[in-house]
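What follows is model-v6.tsv (TSV, C-alpha atoms).
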chain	number	residue	atom	x	y	z
A	1	MET	CA	88.17	109.72	141.92
A	2	TYR	CA	90.47	108.58	144.71
A	3	LEU	CA	88.31	105.50	145.23
A	4	TYR	CA	88.59	104.65	141.53
A	5	ARG	CA	92.40	104.94	141.59
A	6	TRP	CA	92.54	102.80	144.74
A	7	VAL	CA	90.32	100.08	143.20
A	8	VAL	CA	92.32	100.11	139.96
A	9	SER	CA	95.62	99.85	141.87
A	10	ILE	CA	94.37	96.89	143.93
A	11	ALA	CA	92.98	95.19	140.82
A	12	GLY	CA	96.23	95.69	138.97
A	13	LEU	CA	98.22	94.29	141.90
A	14	VAL	CA	96.00	91.20	142.13
A	15	VAL	CA	96.30	90.54	138.39
A	16	ASN	CA	100.09	90.98	138.43
A	17	VAL	CA	100.46	88.57	141.37
A	18	PHE	CA	98.26	86.05	139.57
A	19	MET	CA	100.35	86.32	136.40
A	20	ILE	CA	103.58	85.79	138.35
A	21	LEU	CA	102.19	82.73	140.14
A	22	TRP	CA	100.87	81.34	136.85
A	23	LYS	CA	104.44	81.09	135.52
A	24	PHE	CA	105.32	78.65	138.32
A	25	VAL	CA	102.49	76.20	137.65
A	26	PRO	CA	104.13	72.78	136.92
A	27	ASP	CA	103.77	71.20	133.47
A	28	TRP	CA	101.70	68.26	134.75
A	29	MET	CA	99.17	70.65	136.24
A	30	MET	CA	99.16	72.76	133.07
A	31	GLY	CA	98.05	69.65	131.19
A	32	TRP	CA	95.06	69.39	133.51
A	33	ILE	CA	94.31	73.12	133.36
A	34	ARG	CA	94.40	73.24	129.57
A	35	TRP	CA	90.93	72.11	128.65
A	36	CYS	CA	90.65	73.72	125.25
A	37	PRO	CA	89.25	71.13	122.79
A	38	THR	CA	91.83	71.88	120.11
A	39	SER	CA	94.91	70.48	118.44
A	40	VAL	CA	97.08	71.05	115.38
A	41	GLU	CA	95.17	68.28	113.62
A	42	GLU	CA	91.79	69.83	114.41
A	43	LEU	CA	93.00	73.18	113.09
A	44	GLU	CA	94.11	71.51	109.86
A	45	THR	CA	90.77	69.75	109.53
A	46	SER	CA	88.79	72.94	110.11
A	47	GLU	CA	90.89	74.82	107.56
A	48	MET	CA	90.46	72.08	104.96
A	49	LYS	CA	86.70	72.31	105.45
A	50	VAL	CA	86.78	76.08	104.86
A	51	LEU	CA	89.07	75.89	101.83
A	52	SER	CA	86.93	73.14	100.30
A	53	PHE	CA	84.49	75.87	99.26
A	54	ILE	CA	87.10	77.38	96.91
A	55	SER	CA	86.31	76.45	93.32
A	56	ARG	CA	89.85	76.81	91.93
A	57	LYS	CA	92.67	74.37	92.55
A	58	CYS	CA	94.57	75.39	95.66
A	59	HIS	CA	97.96	74.03	96.71
A	60	GLY	CA	99.15	74.21	100.31
A	61	GLN	CA	102.62	73.74	101.76
A	62	PHE	CA	104.79	74.62	104.73
A	63	VAL	CA	107.65	76.95	103.80
A	64	ASN	CA	110.71	76.49	106.02
A	65	VAL	CA	112.01	79.93	107.00
A	66	GLY	CA	114.87	78.67	109.15
A	67	LYS	CA	115.80	79.50	112.71
A	68	LEU	CA	115.46	83.29	112.37
A	69	TRP	CA	115.96	84.71	115.89
A	70	THR	CA	115.45	81.37	117.67
A	71	LEU	CA	117.26	78.05	118.04
A	72	GLU	CA	114.93	75.90	115.94
A	73	ASP	CA	113.52	75.95	112.42
A	74	HIS	CA	110.13	77.51	111.80
A	75	ARG	CA	107.55	77.00	109.07
A	76	MET	CA	105.00	79.31	107.51
A	77	TRP	CA	101.85	77.69	106.18
A	78	THR	CA	101.21	78.87	102.62
A	79	ILE	CA	98.48	78.38	100.05
A	80	LYS	CA	98.95	79.32	96.42
A	81	LEU	CA	96.90	79.37	93.23
A	82	ASN	CA	98.21	79.62	89.64
A	83	ALA	CA	101.71	79.71	91.10
A	84	ASP	CA	103.09	76.98	88.83
A	85	GLN	CA	101.89	78.59	85.60
A	86	ARG	CA	104.09	81.02	83.70
A	87	SER	CA	102.53	84.46	83.86
A	88	ASP	CA	103.58	87.96	82.92
A	89	ARG	CA	101.30	89.30	85.64
A	90	LEU	CA	102.50	90.22	89.10
A	91	PRO	CA	101.63	87.84	91.95
A	92	VAL	CA	99.46	89.19	94.74
A	93	VAL	CA	100.39	88.17	98.28
A	94	LEU	CA	97.71	88.28	100.99
A	95	LEU	CA	98.62	89.08	104.58
A	96	HIS	CA	95.83	88.40	107.12
A	97	GLY	CA	94.88	90.41	110.19
A	98	PHE	CA	94.95	89.71	113.92
A	99	GLY	CA	93.51	86.38	115.06
A	100	SER	CA	93.02	85.22	111.50
A	101	GLY	CA	94.57	82.92	108.89
A	102	VAL	CA	94.58	82.10	105.19
A	103	GLY	CA	91.10	80.55	105.40
A	104	LEU	CA	89.37	83.90	105.81
A	105	TRP	CA	90.47	84.98	102.30
A	106	LEU	CA	87.88	82.45	101.11
A	107	LEU	CA	85.72	85.06	99.38
A	108	ASN	CA	88.65	86.64	97.54
A	109	ILE	CA	91.18	84.14	96.25
A	110	ASP	CA	88.93	82.61	93.59
A	111	SER	CA	88.39	85.99	91.97
A	112	LEU	CA	91.92	87.32	92.46
A	113	SER	CA	93.51	84.17	91.00
A	114	SER	CA	91.52	84.41	87.75
A	115	PHE	CA	94.38	86.12	85.93
A	116	ARG	CA	97.43	86.00	88.21
A	117	PRO	CA	99.27	83.96	90.84
A	118	VAL	CA	97.94	84.38	94.35
A	119	TYR	CA	99.77	83.54	97.57
A	120	ALA	CA	98.50	83.70	101.14
A	121	PHE	CA	100.37	82.67	104.26
A	122	ASP	CA	99.79	82.50	107.99
A	123	MET	CA	102.07	84.91	109.80
A	124	LEU	CA	104.35	83.41	112.41
A	125	GLY	CA	102.46	83.10	115.70
A	126	PHE	CA	99.09	82.66	113.99
A	127	ALA	CA	96.94	79.83	112.62
A	128	ARG	CA	98.99	76.91	111.23
A	129	SER	CA	102.41	78.58	111.11
A	130	SER	CA	105.07	78.03	113.78
A	131	ARG	CA	104.62	79.94	117.01
A	132	PRO	CA	107.99	81.23	118.17
A	133	THR	CA	108.37	83.56	121.12
A	134	PHE	CA	108.66	87.17	119.97
A	135	SER	CA	110.47	90.06	121.54
A	136	THR	CA	108.62	92.39	123.90
A	137	GLU	CA	110.13	95.48	122.25
A	138	PRO	CA	107.82	96.85	119.51
A	139	PHE	CA	110.39	97.76	116.87
A	140	GLU	CA	112.08	94.40	117.34
A	141	VAL	CA	108.74	92.62	116.91
A	142	GLU	CA	108.25	94.48	113.63
A	143	ARG	CA	111.73	93.49	112.52
A	144	GLN	CA	111.05	89.85	113.36
A	145	PHE	CA	107.84	89.78	111.32
A	146	VAL	CA	109.57	91.54	108.42
A	147	GLU	CA	112.54	89.17	108.52
A	148	SER	CA	110.28	86.13	108.39
A	149	ILE	CA	108.34	87.52	105.40
A	150	GLU	CA	111.53	88.31	103.50
A	151	VAL	CA	112.89	84.81	104.07
A	152	TRP	CA	109.51	83.42	102.99
A	153	ARG	CA	109.58	85.50	99.80
A	154	ASN	CA	113.06	84.30	98.96
A	155	ARG	CA	112.20	80.63	99.62
A	156	VAL	CA	109.04	80.83	97.53
A	157	GLY	CA	110.98	82.50	94.70
A	158	LEU	CA	109.10	85.77	94.24
A	159	ASN	CA	110.93	88.79	92.86
A	160	ARG	CA	108.33	91.54	92.99
A	161	MET	CA	104.75	91.42	94.20
A	162	VAL	CA	101.58	93.29	94.99
A	163	LEU	CA	101.42	93.04	98.78
A	164	LEU	CA	97.95	93.26	100.35
A	165	GLY	CA	97.59	93.44	104.12
A	166	HIS	CA	94.43	93.66	106.23
A	167	SER	CA	94.32	95.25	109.70
A	168	LEU	CA	97.46	94.09	111.58
A	169	GLY	CA	98.61	92.61	108.26
A	170	GLY	CA	98.48	96.11	106.77
A	171	TYR	CA	100.71	97.43	109.54
A	172	ILE	CA	103.25	94.64	109.03
A	173	ALA	CA	103.03	94.95	105.22
A	174	THR	CA	103.90	98.65	105.49
A	175	SER	CA	106.86	97.88	107.72
A	176	TYR	CA	108.02	95.26	105.20
A	177	ALA	CA	107.67	97.73	102.31
A	178	MET	CA	109.85	100.22	104.18
A	179	ALA	CA	112.57	97.62	104.65
A	180	HIS	CA	112.33	96.04	101.18
A	181	PRO	CA	110.88	98.58	98.72
A	182	ASP	CA	112.47	96.85	95.71
A	183	ARG	CA	110.14	93.88	96.26
A	184	ILE	CA	106.92	95.91	96.24
A	185	ALA	CA	105.20	96.75	92.96
A	186	HIS	CA	102.15	98.06	94.83
A	187	LEU	CA	101.12	98.17	98.49
A	188	ILE	CA	97.42	97.62	99.22
A	189	LEU	CA	96.28	98.38	102.76
A	190	ALA	CA	92.80	97.10	103.62
A	191	ASP	CA	91.49	98.89	106.70
A	192	PRO	CA	95.00	98.90	108.21
A	193	TRP	CA	95.46	98.94	111.97
A	194	GLY	CA	98.14	101.02	113.67
A	195	PHE	CA	98.26	104.15	111.51
A	196	PRO	CA	96.67	106.91	113.67
A	197	GLU	CA	98.49	108.54	116.52
A	198	ARG	CA	96.83	108.26	119.90
A	199	PRO	CA	95.14	111.60	120.73
A	200	ILE	CA	96.78	113.33	123.65
A	201	THR	CA	93.37	114.43	124.90
A	202	THR	CA	91.54	111.12	124.36
A	203	SER	CA	89.99	111.30	127.81
A	204	HIS	CA	88.48	114.68	126.98
A	205	HIS	CA	86.71	113.37	123.89
A	206	TYR	CA	84.75	110.77	125.80
A	207	GLU	CA	84.52	109.65	129.40
A	208	LEU	CA	84.45	105.90	129.84
A	209	PRO	CA	82.41	104.50	132.72
A	210	MET	CA	84.42	103.48	135.76
A	211	TRP	CA	83.55	99.80	135.33
A	212	VAL	CA	84.92	99.84	131.76
A	213	LYS	CA	88.20	101.37	132.92
A	214	LEU	CA	88.37	98.84	135.76
A	215	VAL	CA	87.80	95.86	133.47
A	216	ALA	CA	90.27	97.22	130.92
A	217	THR	CA	92.90	97.60	133.65
A	218	MET	CA	92.34	94.08	134.94
A	219	LEU	CA	92.51	92.56	131.46
A	220	ARG	CA	95.53	94.59	130.33
A	221	PRO	CA	98.13	91.89	131.22
A	222	PHE	CA	96.16	89.21	129.35
A	223	ASN	CA	96.25	88.45	125.65
A	224	PRO	CA	93.24	89.78	123.69
A	225	LEU	CA	91.76	86.35	123.00
A	226	ALA	CA	92.49	84.80	126.39
A	227	ALA	CA	88.76	84.49	127.10
A	228	LEU	CA	88.45	82.15	124.13
A	229	ARG	CA	90.89	79.72	125.72
A	230	VAL	CA	89.56	80.15	129.24
A	231	ALA	CA	86.11	79.17	127.94
A	232	GLY	CA	87.46	75.70	127.19
A	233	PRO	CA	84.82	73.43	125.61
A	234	TRP	CA	82.52	76.42	125.14
A	235	GLY	CA	85.11	78.30	123.07
A	236	PRO	CA	83.67	77.48	119.61
A	237	GLN	CA	80.18	78.57	120.72
A	238	LEU	CA	81.73	81.74	122.14
A	239	VAL	CA	83.03	82.72	118.70
A	240	ASP	CA	79.63	82.24	117.12
A	241	LYS	CA	77.86	84.05	119.96
A	242	PHE	CA	80.05	87.14	120.16
A	243	ARG	CA	80.97	87.48	116.47
A	244	PRO	CA	77.92	86.19	114.57
A	245	ASP	CA	78.38	89.08	112.11
A	246	LEU	CA	81.81	87.81	111.07
A	247	CYS	CA	80.57	84.27	110.60
A	248	GLN	CA	77.49	85.38	108.65
A	249	LYS	CA	79.63	87.17	106.07
A	250	PHE	CA	80.61	83.79	104.64
A	251	ASN	CA	77.12	82.24	104.60
A	252	PRO	CA	76.53	82.83	100.86
A	253	VAL	CA	79.48	80.53	100.06
A	254	VAL	CA	79.95	78.33	103.14
A	255	GLN	CA	76.98	76.02	103.62
A	256	ASP	CA	78.32	74.54	106.87
A	257	LYS	CA	77.46	77.15	109.52
A	258	GLU	CA	79.98	75.70	111.98
A	259	ALA	CA	82.94	75.83	109.56
A	260	ILE	CA	83.96	79.48	110.05
A	261	PRO	CA	83.53	79.72	113.87
A	262	SER	CA	85.33	76.40	114.25
A	263	TYR	CA	88.23	77.61	112.09
A	264	ILE	CA	88.51	80.92	113.98
A	265	TYR	CA	88.41	79.09	117.30
A	266	HIS	CA	91.14	76.59	116.43
A	267	CYS	CA	93.31	79.40	114.95
A	268	ASN	CA	93.23	81.16	118.31
A	269	ALA	CA	93.07	78.33	120.83
A	270	GLN	CA	96.71	77.38	120.19
A	271	LYS	CA	99.79	78.85	121.89
A	272	PRO	CA	99.18	82.64	121.64
A	273	THR	CA	102.62	83.92	120.62
A	274	GLY	CA	101.13	86.03	117.81
A	275	GLU	CA	98.83	87.69	120.32
A	276	GLU	CA	101.80	88.39	122.58
A	277	ALA	CA	103.60	90.01	119.65
A	278	PHE	CA	100.53	92.16	118.96
A	279	MET	CA	100.39	93.15	122.63
A	280	ALA	CA	104.01	94.31	122.37
A	281	LEU	CA	103.02	96.58	119.47
A	282	THR	CA	100.04	98.14	121.25
A	283	ALA	CA	99.58	100.81	123.86
A	284	HIS	CA	96.49	101.22	126.05
A	285	PHE	CA	93.11	100.58	124.37
A	286	GLY	CA	94.69	99.18	121.21
A	287	TRP	CA	96.63	102.18	119.90
A	288	ALA	CA	99.93	101.43	118.17
A	289	LYS	CA	102.97	102.38	120.22
A	290	HIS	CA	104.70	103.55	117.05
A	291	PRO	CA	101.98	104.70	114.62
A	292	MET	CA	102.67	104.33	110.92
A	293	ILE	CA	101.41	107.79	110.01
A	294	SER	CA	104.45	109.29	111.74
A	295	ARG	CA	106.78	107.03	109.72
A	296	ILE	CA	105.10	106.67	106.34
A	297	HIS	CA	107.40	109.34	104.89
A	298	GLN	CA	110.23	106.83	105.28
A	299	LEU	CA	108.69	104.62	102.59
A	300	ARG	CA	110.49	105.14	99.30
A	301	GLU	CA	108.68	107.56	97.00
A	302	ASP	CA	108.33	105.15	94.07
A	303	VAL	CA	106.28	102.62	96.09
A	304	PRO	CA	102.58	103.20	95.24
A	305	ILE	CA	99.91	102.75	97.94
A	306	THR	CA	96.19	102.09	97.77
A	307	PHE	CA	94.08	102.27	100.93
A	308	ILE	CA	90.75	100.43	100.97
A	309	TYR	CA	88.48	101.28	103.91
A	310	GLY	CA	85.03	100.16	104.95
A	311	SER	CA	82.63	103.07	105.38
A	312	ARG	CA	81.31	101.57	108.64
A	313	SER	CA	84.69	100.53	110.03
A	314	TRP	CA	86.03	101.64	113.40
A	315	VAL	CA	89.42	102.26	111.74
A	316	ASP	CA	90.18	105.95	111.20
A	317	ARG	CA	90.45	106.45	107.44
A	318	GLN	CA	91.66	110.03	107.79
A	319	THR	CA	95.22	108.69	108.06
A	320	GLY	CA	94.85	107.43	104.48
A	321	PHE	CA	94.13	110.97	103.30
A	322	GLN	CA	96.92	112.30	105.51
A	323	THR	CA	99.29	109.90	103.76
A	324	LYS	CA	98.36	111.51	100.43
A	325	PHE	CA	99.52	114.88	101.74
A	326	VAL	CA	102.66	113.46	103.32
A	327	ARG	CA	103.63	111.68	100.07
A	328	LEU	CA	102.91	114.43	97.52
A	329	ASN	CA	105.41	113.01	95.03
A	330	SER	CA	104.06	109.47	95.28
A	331	TYR	CA	101.01	107.57	94.09
A	332	VAL	CA	98.51	107.27	96.95
A	333	ASP	CA	94.87	106.38	96.39
A	334	VAL	CA	92.14	106.10	99.02
A	335	GLN	CA	89.02	104.03	98.35
A	336	VAL	CA	86.03	103.75	100.70
A	337	VAL	CA	83.70	100.78	100.21
A	338	GLN	CA	80.18	101.78	101.16
A	339	GLY	CA	78.33	99.47	103.52
A	340	ALA	CA	81.48	97.61	104.57
A	341	GLY	CA	82.95	97.40	108.04
A	342	HIS	CA	86.44	96.53	109.25
A	343	HIS	CA	86.39	93.19	107.40
A	344	VAL	CA	85.95	95.01	104.11
A	345	TYR	CA	87.23	92.02	102.13
A	346	ALA	CA	84.33	89.89	103.43
A	347	ASP	CA	81.60	92.53	103.81
A	348	ARG	CA	81.59	93.52	100.14
A	349	PRO	CA	83.80	90.90	98.46
A	350	GLU	CA	82.70	91.69	94.89
A	351	LEU	CA	83.57	95.38	95.20
A	352	PHE	CA	86.73	94.65	97.14
A	353	ASN	CA	87.94	92.08	94.60
A	354	ALA	CA	87.19	94.45	91.71
A	355	LEU	CA	89.22	97.21	93.37
A	356	VAL	CA	92.15	94.89	94.00
A	357	GLN	CA	92.01	93.59	90.42
A	358	LYS	CA	92.10	97.15	89.11
A	359	VAL	CA	95.10	98.00	91.30
A	360	CYS	CA	96.91	94.85	90.16
A	361	GLU	CA	96.24	95.61	86.49
A	362	ARG	CA	97.68	99.09	86.96
A	363	ALA	CA	100.72	97.58	88.67
A	364	ASP	CA	101.14	95.17	85.72
A	365	ILE	CA	101.17	98.08	83.25
A	366	VAL	CA	103.69	100.07	85.30
A	367	GLU	CA	105.86	96.98	85.80
A	368	ASN	CA	105.88	96.06	82.09
A	369	ARG	CA	106.63	99.66	81.13
A	370	SER	CA	109.57	99.70	83.54
A	371	LYS	CA	110.88	96.42	82.08
A	372	GLN	CA	110.61	97.81	78.54
A	373	GLU	CA	112.46	100.97	79.55
A	374	ILE	CA	115.20	98.88	81.15
A	375	GLU	CA	115.45	96.68	78.04
A	376	THR	CA	115.55	99.74	75.75
A	377	THR	CA	118.25	101.35	77.86
A	378	SER	CA	120.23	98.10	77.82
A	379	VAL	CA	120.00	97.83	74.01
A	380	GLN	CA	121.05	101.46	73.60
A	381	LYS	CA	124.07	100.88	75.82
A	382	GLN	CA	125.03	97.81	73.79
A	383	GLU	CA	124.70	99.73	70.51
A	384	THR	CA	126.77	102.59	71.92
A	385	SER	CA	129.41	100.09	73.02
A	386	VAL	CA	129.50	98.48	69.55
A	387	GLU	CA	129.85	101.87	67.86
A	388	LYS	CA	132.69	102.77	70.20
A	389	ASP	CA	134.45	99.47	69.48
A	390	SER	CA	134.07	100.08	65.73
A	391	SER	CA	135.57	103.57	65.94
A	392	ASP	CA	138.54	102.25	67.90
A	393	SER	CA	139.25	99.42	65.44
A	394	ILE	CA	141.95	99.72	62.70
A	395	ASP	CA	140.92	100.17	59.06
A	396	ILE	CA	143.20	97.58	57.36
A	397	ASP	CA	142.96	99.11	53.86
A	398	SER	CA	143.95	102.61	54.92
A	399	HIS	CA	146.82	101.52	57.19
A	400	PHE	CA	148.28	98.75	55.02
A	401	ASP	CA	151.89	99.39	53.95
A	402	PRO	CA	153.26	96.87	51.40
A	403	GLN	CA	156.87	97.80	52.32
A	404	LEU	CA	156.35	96.11	55.66
A	405	LEU	CA	156.08	92.73	53.90

File written out as C-alpha cells:
Amino acid sequence: MYLYRWVVSIAGLVVNVFMILWKFVPDWMMGWIRWCPTSVEELETSEMKVLSFISRKCHGQFVNVGKLWTLEDHRMWTIKLNADQRSDRLPVVLLHGFGSGVGLWLLNIDSLSSFRPVYAFDMLGFARSSRPTFSTEPFEVERQFVESIEVWRNRVGLNRMVLLGHSLGGYIATSYAMAHPDRIAHLILADPWGFPERPITTSHHYELPMWVKLVATMLRPFNPLAALRVAGPWGPQLVDKFRPDLCQKFNPVVQDKEAIPSYIYHCNAQKPTGEEAFMALTAHFGWAKHPMISRIHQLREDVPITFIYGSRSWVDRQTGFQTKFVRLNSYVDVQVVQGAGHHVYADRPELFNALVQKVCERADIVENRSKQEIETTSVQKQETSVEKDSSDSIDIDSHFDPQLL
C-alpha cells in the first residue's frame, strides 16, 4: 500500500512538472511538435461527406454569438432543416455529446425533420464552432455554455423549443432549462451524463488493479482525447481501431467506411477547449463535480422531461426514476430502449426517432392548448373591458334636458 502511494506520488509529480514545462515551449517548436494531420478545412470536408448521406435539404451557417466572456467574437456552427417554412409545430434542437458534433445526428435528422423544423449546433469548444478558453470553475463553465446557447437561440429567432441533449449535451441542456424555463416546451435527455452522485464508498464496491489507478493518476492532468492528438498521423486509424462499434452504427447509411472515423478524428484533433471545459466539470473517474440529481428540483415544475436510456449503457438510469420521485408535481417519463448502448440515438435510430416524434407531438398539443387558453383569456378580458366601458357611458336619451338648449 505504501509502495503504491509512493509510486503514484512520484508519477503525479513527474506529470505535473511535464505539464508546467510544456507551457514554456516556444511557438516555433510547437509548430514542429504538432503533427496532427488536421485543419479547419479538413474538418469541413469530412463533415460535408457525412452530411451528404442526409436525404433532406440541409442548410448550414455560422451563427455569431458575440464576444460573450472573451475579447473576440465567436461563432456556433449550425445546421437546420425545414427552418424557413412556416410551421405550427415546435422546433426540436439537438445538442450533441462530448467529442461529437452535428454530423453524428445523421441517423436522426431526416426522420425528425419530416414534420417540424430541426436545428443542431456544435457547442462552443467542439467540432466546427469557435474554441474559446473556458473557466476552470465548474459552475462558471456551465454558465458560459448556457449563455452561449441563449444568445444562439435569440440570434436564430426561436421562441420555444423541444431541447434534446445527449450525454454531456443532456447535462448542459438541463442547466439551460433551469436558467431559461420559458424557452423549453419539453426537455429530452438521451442517456445524460452527470446526473448521479459519486458514491462515497466507491472503492468498497470494486477494487481497481494498481496499474489502472496508476495510469488514471498519470493521465488525470491530460484532456480525455489527448491520445488522439499525440498519435499524430495515426489518429484517424486510432478512432477506427478503438471505437469500431461507434463507426459501425452508421454503416447501414454511410457507404464510405472512412467517413465517420475521419469526422470524429477531425472534430477532436483541433484545439481542445471543449475537453478542458468538460474536465472542469468532472471529478475523478468521470463523475460530475455538481451532479444534476441534487439540483433537478430547481427546474421549474411546468417543464416536462423525458429520459431515454439505452438498456446496455454504462450510464446509471436510476437517476431518471429518482427524478420522477423528486418532481412529483411535474411530467417526467423514463424510456429504456432495449439493445441500445450509450449512443442510443445511433444504436436503435428507428425506435429513438419514434420516441422523440411522440414526445414532440405531445409537446405540440400542450403548446397549442396553452396558446388557445391564452387567446381565450385575452378575448374574455377584452369583452369584460368593453362591457365596463358600456356601463360607464352616458345614455343620451335618458339624460337629455331640452331646457339646456

Check: At what distance in Å, to one decimal, does atom CA of Arg128 of chain A lie from atom CA of Leu228 of chain A?
Finding: 17.5 Å

Neighbours of point (88.1, 78.1, 119.7) within 9 Å, using all atoms listed in the file, written as a compact mmCIF listing (two decimals) with C-alpha atoms, in the frame of the given file:
# COMPACT_ATOMS: atom_id res chain seq x y z
CA CYS A 36 90.65 73.72 125.25
CA PRO A 37 89.25 71.13 122.79
CA THR A 38 91.83 71.88 120.11
CA LEU A 228 88.45 82.15 124.13
CA ARG A 229 90.89 79.72 125.72
CA ALA A 231 86.11 79.17 127.94
CA GLY A 232 87.46 75.70 127.19
CA PRO A 233 84.82 73.43 125.61
CA TRP A 234 82.52 76.42 125.14
CA GLY A 235 85.11 78.30 123.07
CA PRO A 236 83.67 77.48 119.61
CA GLN A 237 80.18 78.57 120.72
CA LEU A 238 81.73 81.74 122.14
CA VAL A 239 83.03 82.72 118.70
CA PRO A 261 83.53 79.72 113.87
CA SER A 262 85.33 76.40 114.25
CA TYR A 263 88.23 77.61 112.09
CA ILE A 264 88.51 80.92 113.98
CA TYR A 265 88.41 79.09 117.30
CA HIS A 266 91.14 76.59 116.43
CA CYS A 267 93.31 79.40 114.95
CA ASN A 268 93.23 81.16 118.31
CA ALA A 269 93.07 78.33 120.83
CA GLN A 270 96.71 77.38 120.19

Item checked: Using all atoms listed in the file: which of A:Leu104, A:Leu124, A:Leu51, A:Leu95 has the shortest distance to Ala173 of chain A ->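 Among the listed residues, the smallest separation from Ala173 of chain A belongs to A:Leu95.
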
Checklist line | Counting only C-alpha atoms, the option among A:Val162, A:Leu355, A:Leu71, A:Ala185 closest to Ser370 of chain A | finding: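 Closest to Ser370 of chain A, using only C-alpha atoms: A:Ala185.
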
Next item on the list: Mind listing whatever residues come within 12 Å of the point (101.9, 101.7, 110.7)? Use only C-alpha atoms, file coordinates, and give them as a VMD selection string.
Entry: chain A and resid 138 to 139 142 165 to 178 189 191 to 197 281 to 282 287 to 299 319 to 320 323

Notebook entry, point to check: For Pro252 of chain A, which residue among A:Arg348, A:Arg160, A:His74, A:His186 is the nearest when counting only C-alpha atoms?
Noted result: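 Ranked by minimum distance to Pro252 of chain A, first place goes to A:Arg348.
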
Margin query: Report, in Å to a single decimal, how far apart atom CA of Trp105 of chain A and atom CA of Leu81 of chain A are.
Written below: 12.5 Å

With all atoms listed in the file counted and 8 Å as the cut-off, give the residues of segment 220-280 of chain A in contact with segment 336-346 of chain A, each with its shortest interatomic distance in Å and the pair that gives it, as a tab-separated table.
residue	atom	partner	partner_atom	distance
A:Leu246	CA	A:His343	CA	8.0
A:Lys249	CA	A:Ala346	CA	6.0
A:Phe250	CA	A:Ala346	CA	7.2

Notebook entry, point to check: Which residue, A:Ser46, A:Ser87, A:Thr133, A:Thr376, has the smallest gap to Lys67 of chain A when you use all atoms listed in the file?
Noted result: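 For Lys67 of chain A, the nearest of the candidates is A:Thr133.
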
Next item on the list: Can you pull out every residue within 12 Å of Arg86 of chain A, counting only C-alpha atoms, but drop anything in the same chain fewer than 4 positions away, and send it as an MDAnalysis selection string?
Entry: chainID A and resid 82 90:91 115:117

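Going from atom CA of Met76 of chain A over to atom CA of Trp152 of chain A, you cover 7.6 Å.
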
Notebook entry, point to check: So, counting only C-alpha atoms, which residue among A:Gly286, A:Glu150, A:Phe134, A:Val253 is closest to Ile54 of chain A?
Noted result: A:Val253

Margin query: From the options A:Asp316, A:Glu361, A:Glu276, A:Asp122, which residue's atoms come nearest to Arg75 of chain A, counting all atoms listed in the file?
Written below: A:Asp122
